[in-house]
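Text of start-v3.cif, listed as mmCIF, C-alpha atoms:
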```
data_start
#
loop_
_atom_site.label_atom_id
_atom_site.label_comp_id
_atom_site.auth_asym_id
_atom_site.auth_seq_id
_atom_site.Cartn_x
_atom_site.Cartn_y
_atom_site.Cartn_z
CA MET Z 1 176.08 163.22 -55.11
CA LEU Z 2 173.50 164.75 -52.76
CA TYR Z 3 170.43 166.24 -54.48
CA LEU Z 4 168.60 168.79 -52.33
CA GLY Z 5 165.48 170.85 -52.78
CA LEU Z 6 164.87 173.97 -50.70
CA ASP Z 7 161.50 175.54 -49.99
CA VAL Z 8 162.54 179.04 -48.94
CA HIS Z 9 160.44 181.48 -46.91
CA SER Z 10 161.21 184.91 -45.49
CA LYS Z 11 162.37 183.61 -42.07
CA TRP Z 12 163.23 179.95 -42.64
CA PHE Z 13 163.64 177.27 -45.28
CA THR Z 14 162.80 173.58 -45.45
CA LEU Z 15 165.33 171.19 -46.96
CA ALA Z 16 164.67 167.72 -48.38
CA GLY Z 17 166.63 165.45 -50.68
CA PHE Z 18 168.52 162.23 -51.12
CA ASP Z 19 171.83 160.67 -51.99
CA LYS Z 20 171.38 159.18 -55.45
CA ALA Z 21 174.06 156.54 -54.91
CA THR Z 22 172.88 155.19 -51.56
CA GLY Z 23 169.21 156.21 -51.61
CA GLU Z 24 169.52 157.78 -48.15
CA LEU Z 25 166.93 160.51 -47.48
CA TYR Z 26 167.64 163.85 -45.81
CA TYR Z 27 165.06 166.20 -44.33
CA GLN Z 28 165.34 169.32 -42.19
CA LYS Z 29 162.27 171.35 -41.21
CA LYS Z 30 162.31 175.13 -40.78
CA THR Z 31 165.96 176.08 -40.57
CA ALA Z 32 166.26 179.78 -39.69
CA ASN Z 33 167.68 182.08 -42.37
CA THR Z 34 170.61 183.08 -40.18
CA PRO Z 35 174.31 182.46 -40.90
CA ASP Z 36 174.84 180.38 -37.74
CA ALA Z 37 171.83 178.12 -38.32
CA ILE Z 38 172.72 177.60 -41.99
CA ARG Z 39 176.36 176.84 -41.15
CA ALA Z 40 175.34 174.31 -38.50
CA LEU Z 41 172.90 172.55 -40.85
CA PHE Z 42 175.30 172.05 -43.74
CA ALA Z 43 178.06 170.89 -41.39
CA THR Z 44 175.95 167.76 -40.87
CA LEU Z 45 175.36 167.06 -44.58
CA PRO Z 46 177.80 165.15 -46.78
CA GLY Z 47 179.04 166.51 -50.09
CA PRO Z 48 179.21 167.21 -52.92
CA ARG Z 49 175.78 168.84 -53.06
CA VAL Z 50 173.61 170.26 -55.83
CA GLY Z 51 170.38 172.06 -55.06
CA ALA Z 52 167.33 173.79 -56.45
CA MET Z 53 164.99 176.41 -55.04
CA GLU Z 54 161.93 178.20 -56.39
CA THR Z 55 161.97 181.86 -57.29
CA GLY Z 56 160.34 184.33 -54.90
CA THR Z 57 160.72 187.68 -53.18
CA ASN Z 58 163.94 186.83 -51.37
CA ALA Z 59 165.15 184.03 -53.67
CA VAL Z 60 168.15 185.92 -55.10
CA ALA Z 61 169.27 187.11 -51.65
CA MET Z 62 169.01 183.60 -50.22
CA HIS Z 63 170.83 182.20 -53.24
CA ARG Z 64 173.83 184.42 -52.40
CA VAL Z 65 173.80 183.09 -48.83
CA LEU Z 66 173.33 179.41 -49.69
CA ALA Z 67 175.40 179.09 -52.89
CA PRO Z 68 178.76 178.64 -51.08
CA TYR Z 69 177.43 175.39 -49.54
CA PHE Z 70 176.66 173.83 -52.94
CA THR Z 71 178.60 172.72 -55.97
CA ASP Z 72 175.69 174.12 -57.98
CA LEU Z 73 172.52 175.81 -56.74
CA ILE Z 74 169.84 176.91 -59.22
CA ILE Z 75 166.63 178.93 -59.03
CA VAL Z 76 163.65 177.64 -61.01
CA SER Z 77 160.10 178.74 -61.76
CA PRO Z 78 157.38 177.23 -59.53
CA GLY Z 79 155.53 176.16 -62.65
CA GLN Z 80 158.24 173.58 -63.33
CA THR Z 81 157.44 171.64 -60.18
CA TRP Z 82 153.76 172.12 -59.40
CA ASP Z 83 150.60 172.23 -61.52
CA ARG Z 84 147.44 173.18 -59.62
CA ARG Z 85 145.23 171.56 -62.24
CA ARG Z 86 146.92 168.15 -61.99
CA ASP Z 87 148.44 167.97 -58.51
CA THR Z 88 145.57 167.27 -56.14
CA SER Z 89 147.55 166.13 -53.11
CA ALA Z 90 148.21 168.46 -50.17
CA LYS Z 91 150.92 171.00 -50.87
CA THR Z 92 153.49 171.08 -48.07
CA ASP Z 93 157.01 172.47 -47.72
CA ARG Z 94 158.49 168.98 -47.47
CA ARG Z 95 156.74 167.74 -50.63
CA ASP Z 96 157.77 170.88 -52.52
CA ALA Z 97 161.41 170.49 -51.50
CA LEU Z 98 161.51 166.76 -52.26
CA ARG Z 99 159.90 167.25 -55.66
CA LEU Z 100 162.55 169.85 -56.48
CA ALA Z 101 165.27 167.35 -55.55
CA GLU Z 102 163.67 164.58 -57.64
CA ARG Z 103 163.30 166.70 -60.75
CA LEU Z 104 166.81 168.06 -60.30
CA ALA Z 105 168.19 164.52 -60.25
CA GLU Z 106 166.15 163.69 -63.37
CA GLY Z 107 167.51 166.74 -65.19
CA ARG Z 108 164.03 168.20 -65.72
CA LEU Z 109 164.66 171.68 -64.26
CA THR Z 110 165.62 174.72 -66.30
CA PRO Z 111 167.51 177.31 -64.22
CA LEU Z 112 166.47 180.95 -64.23
CA PHE Z 113 168.87 183.81 -64.84
CA ILE Z 114 170.44 185.09 -61.61
CA PRO Z 115 171.58 188.73 -61.86
CA SER Z 116 174.96 189.71 -60.51
CA GLU Z 117 175.15 192.13 -57.61
CA ASP Z 118 176.02 195.03 -59.95
CA LEU Z 119 173.12 194.21 -62.24
CA ALA Z 120 170.80 193.93 -59.24
CA VAL Z 121 171.84 197.46 -58.25
CA TRP Z 122 171.00 198.70 -61.75
CA ARG Z 123 167.60 197.05 -61.62
CA THR Z 124 166.86 198.51 -58.20
CA LEU Z 125 167.74 202.00 -59.43
CA GLY Z 126 165.77 201.72 -62.67
CA ARG Z 127 162.68 200.34 -60.98
CA ALA Z 128 162.82 203.03 -58.30
CA ARG Z 129 162.90 205.64 -61.08
CA VAL Z 130 159.78 204.13 -62.69
CA GLN Z 131 157.98 204.08 -59.34
CA VAL Z 132 158.84 207.75 -58.72
CA THR Z 133 157.39 208.66 -62.11
CA GLN Z 134 154.20 206.78 -61.24
CA ASP Z 135 154.03 208.62 -57.90
CA ILE Z 136 154.40 211.95 -59.71
CA THR Z 137 151.51 211.02 -61.98
CA ARG Z 138 149.31 210.15 -58.99
CA VAL Z 139 150.07 213.40 -57.18
CA THR Z 140 149.50 215.41 -60.36
CA ASN Z 141 146.13 213.73 -60.91
CA ARG Z 142 145.15 214.57 -57.33
CA LEU Z 143 146.05 218.21 -57.96
CA TYR Z 144 143.90 218.27 -61.09
CA ALA Z 145 141.01 216.70 -59.20
CA LEU Z 146 141.35 219.16 -56.31
CA ALA Z 147 141.41 222.19 -58.61
CA ARG Z 148 138.40 221.02 -60.59
CA HIS Z 149 136.48 220.15 -57.43
CA TRP Z 150 136.65 223.80 -56.40
CA GLY Z 151 135.55 225.12 -59.78
CA TYR Z 152 138.89 225.77 -61.50
CA LEU Z 153 138.22 224.08 -64.82
CA GLU Z 154 140.92 225.73 -66.92
CA GLU Z 155 143.26 223.34 -68.68
CA LYS Z 156 146.68 223.82 -67.09
CA ARG Z 157 149.86 221.78 -67.19
CA LEU Z 158 150.43 221.59 -63.46
CA VAL Z 159 153.90 220.07 -63.66
CA THR Z 160 155.31 223.02 -65.64
CA LYS Z 161 156.60 226.27 -64.14
CA GLN Z 162 153.57 228.16 -65.44
CA GLY Z 163 151.22 225.55 -63.97
CA ARG Z 164 152.94 225.68 -60.58
CA ALA Z 165 152.75 229.49 -60.59
CA TRP Z 166 149.06 229.30 -61.40
CA LEU Z 167 148.40 226.79 -58.59
CA GLU Z 168 150.01 229.10 -56.06
CA THR Z 169 147.43 231.77 -56.94
CA VAL Z 170 144.45 229.44 -56.46
CA ALA Z 171 142.34 230.52 -53.47
CA LEU Z 172 140.84 227.63 -51.51
CA PRO Z 173 139.33 227.35 -48.00
CA SER Z 174 141.85 226.90 -45.20
CA HIS Z 175 141.97 223.10 -44.87
CA ALA Z 176 141.60 222.54 -48.61
CA HIS Z 177 144.46 224.97 -49.20
CA GLN Z 178 146.57 222.98 -46.73
CA VAL Z 179 145.96 219.82 -48.80
CA LEU Z 180 146.98 221.73 -51.94
CA THR Z 181 150.17 223.01 -50.32
CA GLU Z 182 151.15 219.57 -49.04
CA SER Z 183 150.51 218.03 -52.45
CA LEU Z 184 152.69 220.67 -54.11
CA SER Z 185 155.46 219.99 -51.60
CA THR Z 186 155.21 216.24 -52.26
CA LEU Z 187 155.35 216.85 -56.00
CA GLU Z 188 158.46 218.99 -55.66
CA THR Z 189 160.19 216.34 -53.54
CA LEU Z 190 159.36 213.62 -56.05
CA GLN Z 191 160.61 215.71 -58.97
CA GLU Z 192 163.91 216.33 -57.17
CA ARG Z 193 164.27 212.58 -56.54
CA GLU Z 194 163.47 211.88 -60.19
CA ALA Z 195 166.17 214.31 -61.33
CA ALA Z 196 168.70 212.72 -58.97
CA TYR Z 197 167.93 209.24 -60.33
CA ASP Z 198 168.28 210.53 -63.88
CA ALA Z 199 171.71 212.00 -63.12
CA THR Z 200 172.89 208.74 -61.55
CA MET Z 201 171.63 206.66 -64.48
CA ALA Z 202 173.26 208.97 -67.04
CA ALA Z 203 176.59 208.66 -65.21
CA LEU Z 204 176.38 204.86 -65.16
CA LEU Z 205 175.45 204.70 -68.85
CA ALA Z 206 178.43 206.87 -69.78
CA ASP Z 207 180.78 203.99 -68.86
CA ASP Z 208 178.66 201.23 -70.39
CA PRO Z 209 179.27 200.33 -74.08
CA VAL Z 210 175.92 198.56 -74.48
CA GLY Z 211 174.07 201.51 -73.01
CA GLN Z 212 175.80 203.85 -75.45
CA LEU Z 213 174.70 201.63 -78.35
CA LEU Z 214 171.09 201.72 -77.18
CA LEU Z 215 171.16 205.50 -76.92
CA THR Z 216 171.61 205.71 -80.70
CA ILE Z 217 168.05 204.37 -81.27
CA PRO Z 218 165.57 207.19 -82.00
CA TYR Z 219 163.57 208.24 -78.93
CA VAL Z 220 165.75 206.18 -76.60
CA GLY Z 221 166.94 208.42 -73.78
CA PRO Z 222 168.88 207.61 -70.61
CA LEU Z 223 165.84 206.15 -68.82
CA THR Z 224 164.85 203.84 -71.69
CA ALA Z 225 168.43 202.73 -72.35
CA PHE Z 226 169.07 202.16 -68.64
CA LEU Z 227 165.95 200.04 -68.16
CA LEU Z 228 166.64 198.00 -71.29
CA ARG Z 229 170.22 197.41 -70.19
CA ALA Z 230 169.29 196.51 -66.62
CA GLU Z 231 166.23 194.33 -67.24
CA ILE Z 232 167.75 192.30 -70.10
CA GLY Z 233 171.08 191.88 -68.31
CA ASP Z 234 172.83 189.44 -70.64
CA ILE Z 235 171.54 189.20 -74.20
CA ARG Z 236 173.24 185.82 -74.68
CA ARG Z 237 170.61 184.09 -72.55
CA PHE Z 238 168.07 184.64 -75.35
CA ALA Z 239 168.56 182.41 -78.39
CA THR Z 240 166.44 184.62 -80.65
CA ALA Z 241 164.70 187.99 -80.64
CA ASN Z 242 161.37 186.17 -80.22
CA LYS Z 243 162.64 184.72 -76.94
CA LEU Z 244 163.37 188.24 -75.72
CA ILE Z 245 159.91 189.42 -76.80
CA ALA Z 246 158.32 186.50 -74.96
CA TYR Z 247 160.37 187.33 -71.86
CA ALA Z 248 158.75 190.77 -71.91
CA GLY Z 249 155.28 189.18 -72.02
CA LEU Z 250 154.47 190.75 -75.40
CA VAL Z 251 153.26 187.53 -77.03
CA PRO Z 252 149.65 186.32 -77.09
CA ARG Z 253 148.40 183.36 -75.13
CA VAL Z 254 147.90 180.28 -77.29
CA PHE Z 255 145.04 177.80 -76.87
CA GLN Z 256 145.45 174.71 -79.03
CA SER Z 257 143.52 171.47 -79.32
CA GLY Z 258 144.52 169.24 -82.19
CA GLU Z 259 144.57 171.34 -85.33
CA HIS Z 260 142.49 174.12 -83.81
CA VAL Z 261 144.52 177.11 -82.56
CA ARG Z 262 143.16 180.22 -80.90
CA TYR Z 263 145.19 183.23 -79.79
CA GLY Z 264 144.15 185.24 -76.77
CA ALA Z 265 145.29 188.39 -75.02
CA LEU Z 266 148.91 189.16 -74.18
CA SER Z 267 150.39 186.67 -71.77
CA LYS Z 268 152.08 189.37 -69.62
CA ARG Z 269 154.06 186.51 -68.10
CA GLY Z 270 157.49 188.01 -67.98
CA ASN Z 271 159.43 191.09 -67.02
CA ALA Z 272 156.89 193.85 -66.42
CA TYR Z 273 159.51 196.63 -66.43
CA LEU Z 274 160.91 195.52 -69.79
CA ARG Z 275 157.37 195.45 -71.18
CA TYR Z 276 156.73 198.91 -69.72
CA VAL Z 277 159.78 200.52 -71.30
CA ALA Z 278 159.19 198.86 -74.69
CA VAL Z 279 155.57 200.08 -74.86
CA LEU Z 280 156.66 203.52 -73.60
CA HIS Z 281 159.18 203.77 -76.43
CA ALA Z 282 156.50 202.75 -78.94
CA HIS Z 283 154.21 205.47 -77.58
CA ASN Z 284 156.96 208.09 -77.93
CA CYS Z 285 157.66 207.00 -81.51
CA ILE Z 286 153.98 207.37 -82.41
CA LYS Z 287 153.58 210.78 -80.78
CA GLY Z 288 156.95 212.14 -81.91
CA LYS Z 289 157.64 214.08 -85.09
CA LYS Z 290 160.80 212.27 -86.22
CA ASP Z 291 160.63 210.22 -89.40
CA THR Z 292 161.66 206.77 -88.15
CA PRO Z 293 160.93 203.19 -89.30
CA PHE Z 294 158.66 202.88 -86.26
CA LYS Z 295 156.67 205.95 -87.29
CA ARG Z 296 156.38 204.75 -90.87
CA ARG Z 297 155.09 201.37 -89.70
CA PHE Z 298 152.54 203.16 -87.54
CA TYR Z 299 151.16 204.91 -90.63
CA ARG Z 300 150.93 201.59 -92.46
CA LEU Z 301 149.06 199.94 -89.59
CA CYS Z 302 146.79 202.72 -88.33
CA HIS Z 303 144.07 201.98 -90.90
CA ALA Z 304 143.59 198.38 -89.79
CA HIS Z 305 144.48 198.35 -86.06
CA ASP Z 306 143.68 200.43 -82.99
CA LEU Z 307 146.33 202.39 -81.11
CA ASN Z 308 146.92 199.83 -78.37
CA GLU Z 309 147.50 197.03 -80.87
CA ILE Z 310 149.98 199.16 -82.81
CA GLN Z 311 151.88 200.08 -79.65
CA VAL Z 312 152.34 196.39 -78.86
CA MET Z 313 153.54 195.70 -82.41
CA LEU Z 314 156.05 198.55 -82.26
CA ALA Z 315 157.19 197.42 -78.80
CA ARG Z 316 158.02 194.03 -80.31
CA ASP Z 317 159.87 195.79 -83.13
CA VAL Z 318 162.08 197.81 -80.79
CA LEU Z 319 162.98 194.71 -78.78
CA ALA Z 320 163.94 192.95 -82.01
CA VAL Z 321 166.12 195.95 -82.91
CA VAL Z 322 167.71 195.95 -79.44
CA TYR Z 323 168.44 192.24 -79.77
CA ALA Z 324 170.16 192.67 -83.15
CA MET Z 325 172.19 195.72 -82.11
CA TRP Z 326 173.28 194.21 -78.81
CA THR Z 327 174.14 190.83 -80.33
CA HIS Z 328 176.22 192.26 -83.17
CA GLY Z 329 177.55 195.31 -81.32
CA THR Z 330 176.35 197.74 -83.97
CA ALA Z 331 174.84 201.19 -83.53
CA TRP Z 332 171.48 202.23 -84.92
CA ARG Z 333 171.20 202.94 -88.61
CA ASP Z 334 168.24 203.63 -90.86
CA ASP Z 335 168.80 201.74 -94.13
CA ARG Z 336 165.92 203.37 -95.94
CA PRO Z 337 167.11 204.38 -99.41
CA THR Z 338 167.19 208.13 -99.91
CA ARG Z 339 165.14 209.53 -102.74
CA PRO Z 340 166.96 211.70 -105.25
CA ALA Z 341 165.99 215.34 -105.26
CA PRO Z 342 163.52 216.20 -108.05
CA THR Z 343 165.04 217.91 -111.04
CA SER Z 344 163.26 220.69 -112.83
CA SER Z 345 163.02 220.45 -116.60
CA VAL Z 346 163.87 223.55 -118.58
CA ALA Z 347 161.63 224.16 -121.59
#
```
Have the structure of the file written as structure tokens, please.
Amino acid sequence: MLYLGLDVHSKWFTLAGFDKATGELYYQKKTANTPDAIRALFATLPGPRVGAMETGTNAVAMHRVLAPYFTDLIIVSPGQTWDRRRDTSAKTDRRDALRLAERLAEGRLTPLFIPSEDLAVWRTLGRARVQVTQDITRVTNRLYALARHWGYLEEKRLVTKQGRAWLETVALPSHAHQVLTESLSTLETLQEREAAYDATMAALLADDPVGQLLLTIPYVGPLTAFLLRAEIGDIRRFATANKLIAYAGLVPRVFQSGEHVRYGALSKRGNAYLRYVAVLHAHNCIKGKKDTPFKRRFYRLCHAHDLNEIQVMLARDVLAVVYAMWTHGTAWRDDRPTRPAPTSSVA
């Protein structure tokens, strides 16, 4: 069995490893990420082969290209192979690749989840939708700043029809008015793109059973359900709801020495988009008027915690609910007992 580690870059990768039976070493420096170069390299290597590579910007794409040349090829976190506080030797591509091969042979690497091509498309679409929303917010803030800079201090909702109509009546000097017009045009383009993404996501969710389950949760619309579905991918890779919450980076950092334990700020080491949508749902539950378990918990906590802390707590709650519903295939239900209607006594 040939154990290989790959240090992958945008234009090339370095390969290093060994045959565990014979002890023979293999090393190839800077092989181009082209089909011909990859095919020529692996034609010279014996099989069977197992390999490991670190996650990165193009890791999933390179995994699709390289996987056919391996019996098993995994992607791992860089933290499993290198610790800056302990590893003081020079960090080179060859050492990184060889260390991956050694730890792979020792069975010390935990593979990361690799999304399928369909799931990768869902994630690309959902993340593009979030980025468009953020762009809309930036343009809207620039419009507010521009209007106030020229003395228009009235509170207006610029993204509504009434706000747009009001902006078109604002009189500014020539070049300043040109900036206003261009910003309005940019805002309109972004809103059209946002609506197109929403339509596409709603169509995809219509044929997805898990997405339909998630839509039954209060304040979960197509965007929230789509992001939850896309960013989680396969619920079976999480043993418990706490594992899912940790994957979203919604757990505190822990500092422990002996019996002394101190908890710090949120780790935020995980899926930022999953964390974003969970906190967004918590915010909507707090601001909304529906009587939900999330809203009732907010009222119980608001006397002892600030708003940001409560939003994080509710974000954890919704991920726990998503985990239970998805695992058991059940729709949302509120099991709060209903109070009997008061009866009036007749004298």
Point out the residue among Z:Thr140, Z:Thr81, Z:Asn33, Z:Thr240 with the least atom-to-atom distance to Leu158 (chain Z), counting only C-alpha atoms.
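Residue with the minimum atom-to-atom distance to Leu158 (chain Z): Z:Thr140.
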Expected selection from the PyMOL selection byres ((chain Z and resi 25) around 10), given as a list in words:
Leu2, Tyr3, Leu4, Ala16, Gly17, Phe18, Asp19, Lys20, Thr22, Gly23, Glu24, Tyr26, Tyr27 and Leu98 of chain Z
Applying the PyMOL selection byres ((chain Z and resi 189-194) around 12) to the file I just gave you, which residues come out? Please list them as a tab-separated table (two decimals) with C-alpha atoms, keeping the file's coordinate frame.
```
chain	number	residue	atom	x	y	z
Z	125	LEU	CA	167.74	202.00	-59.43
Z	126	GLY	CA	165.77	201.72	-62.67
Z	127	ARG	CA	162.68	200.34	-60.98
Z	128	ALA	CA	162.82	203.03	-58.30
Z	129	ARG	CA	162.90	205.64	-61.08
Z	130	VAL	CA	159.78	204.13	-62.69
Z	131	GLN	CA	157.98	204.08	-59.34
Z	132	VAL	CA	158.84	207.75	-58.72
Z	133	THR	CA	157.39	208.66	-62.11
Z	134	GLN	CA	154.20	206.78	-61.24
Z	135	ASP	CA	154.03	208.62	-57.90
Z	136	ILE	CA	154.40	211.95	-59.71
Z	137	THR	CA	151.51	211.02	-61.98
Z	138	ARG	CA	149.31	210.15	-58.99
Z	139	VAL	CA	150.07	213.40	-57.18
Z	140	THR	CA	149.50	215.41	-60.36
Z	159	VAL	CA	153.90	220.07	-63.66
Z	160	THR	CA	155.31	223.02	-65.64
Z	182	GLU	CA	151.15	219.57	-49.04
Z	183	SER	CA	150.51	218.03	-52.45
Z	184	LEU	CA	152.69	220.67	-54.11
Z	185	SER	CA	155.46	219.99	-51.60
Z	186	THR	CA	155.21	216.24	-52.26
Z	187	LEU	CA	155.35	216.85	-56.00
Z	188	GLU	CA	158.46	218.99	-55.66
Z	195	ALA	CA	166.17	214.31	-61.33
Z	196	ALA	CA	168.70	212.72	-58.97
Z	197	TYR	CA	167.93	209.24	-60.33
Z	198	ASP	CA	168.28	210.53	-63.88
Z	199	ALA	CA	171.71	212.00	-63.12
Z	200	THR	CA	172.89	208.74	-61.55
Z	201	MET	CA	171.63	206.66	-64.48
Z	223	LEU	CA	165.84	206.15	-68.82
```
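In this comparison, which uses only C-alpha atoms, the residue of Z:Arg142, Z:Phe113, Z:Leu6, Z:Leu15 approaching Val60 (chain Z) most closely is Z:Phe113.
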Distance criterion (only C-alpha atoms): nearest to Trp150 (chain Z) out of Z:Ala203, Z:Ala165, Z:Ala176, Z:Ala37
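That would be Z:Ala176, the residue with the smallest distance to Trp150 (chain Z).
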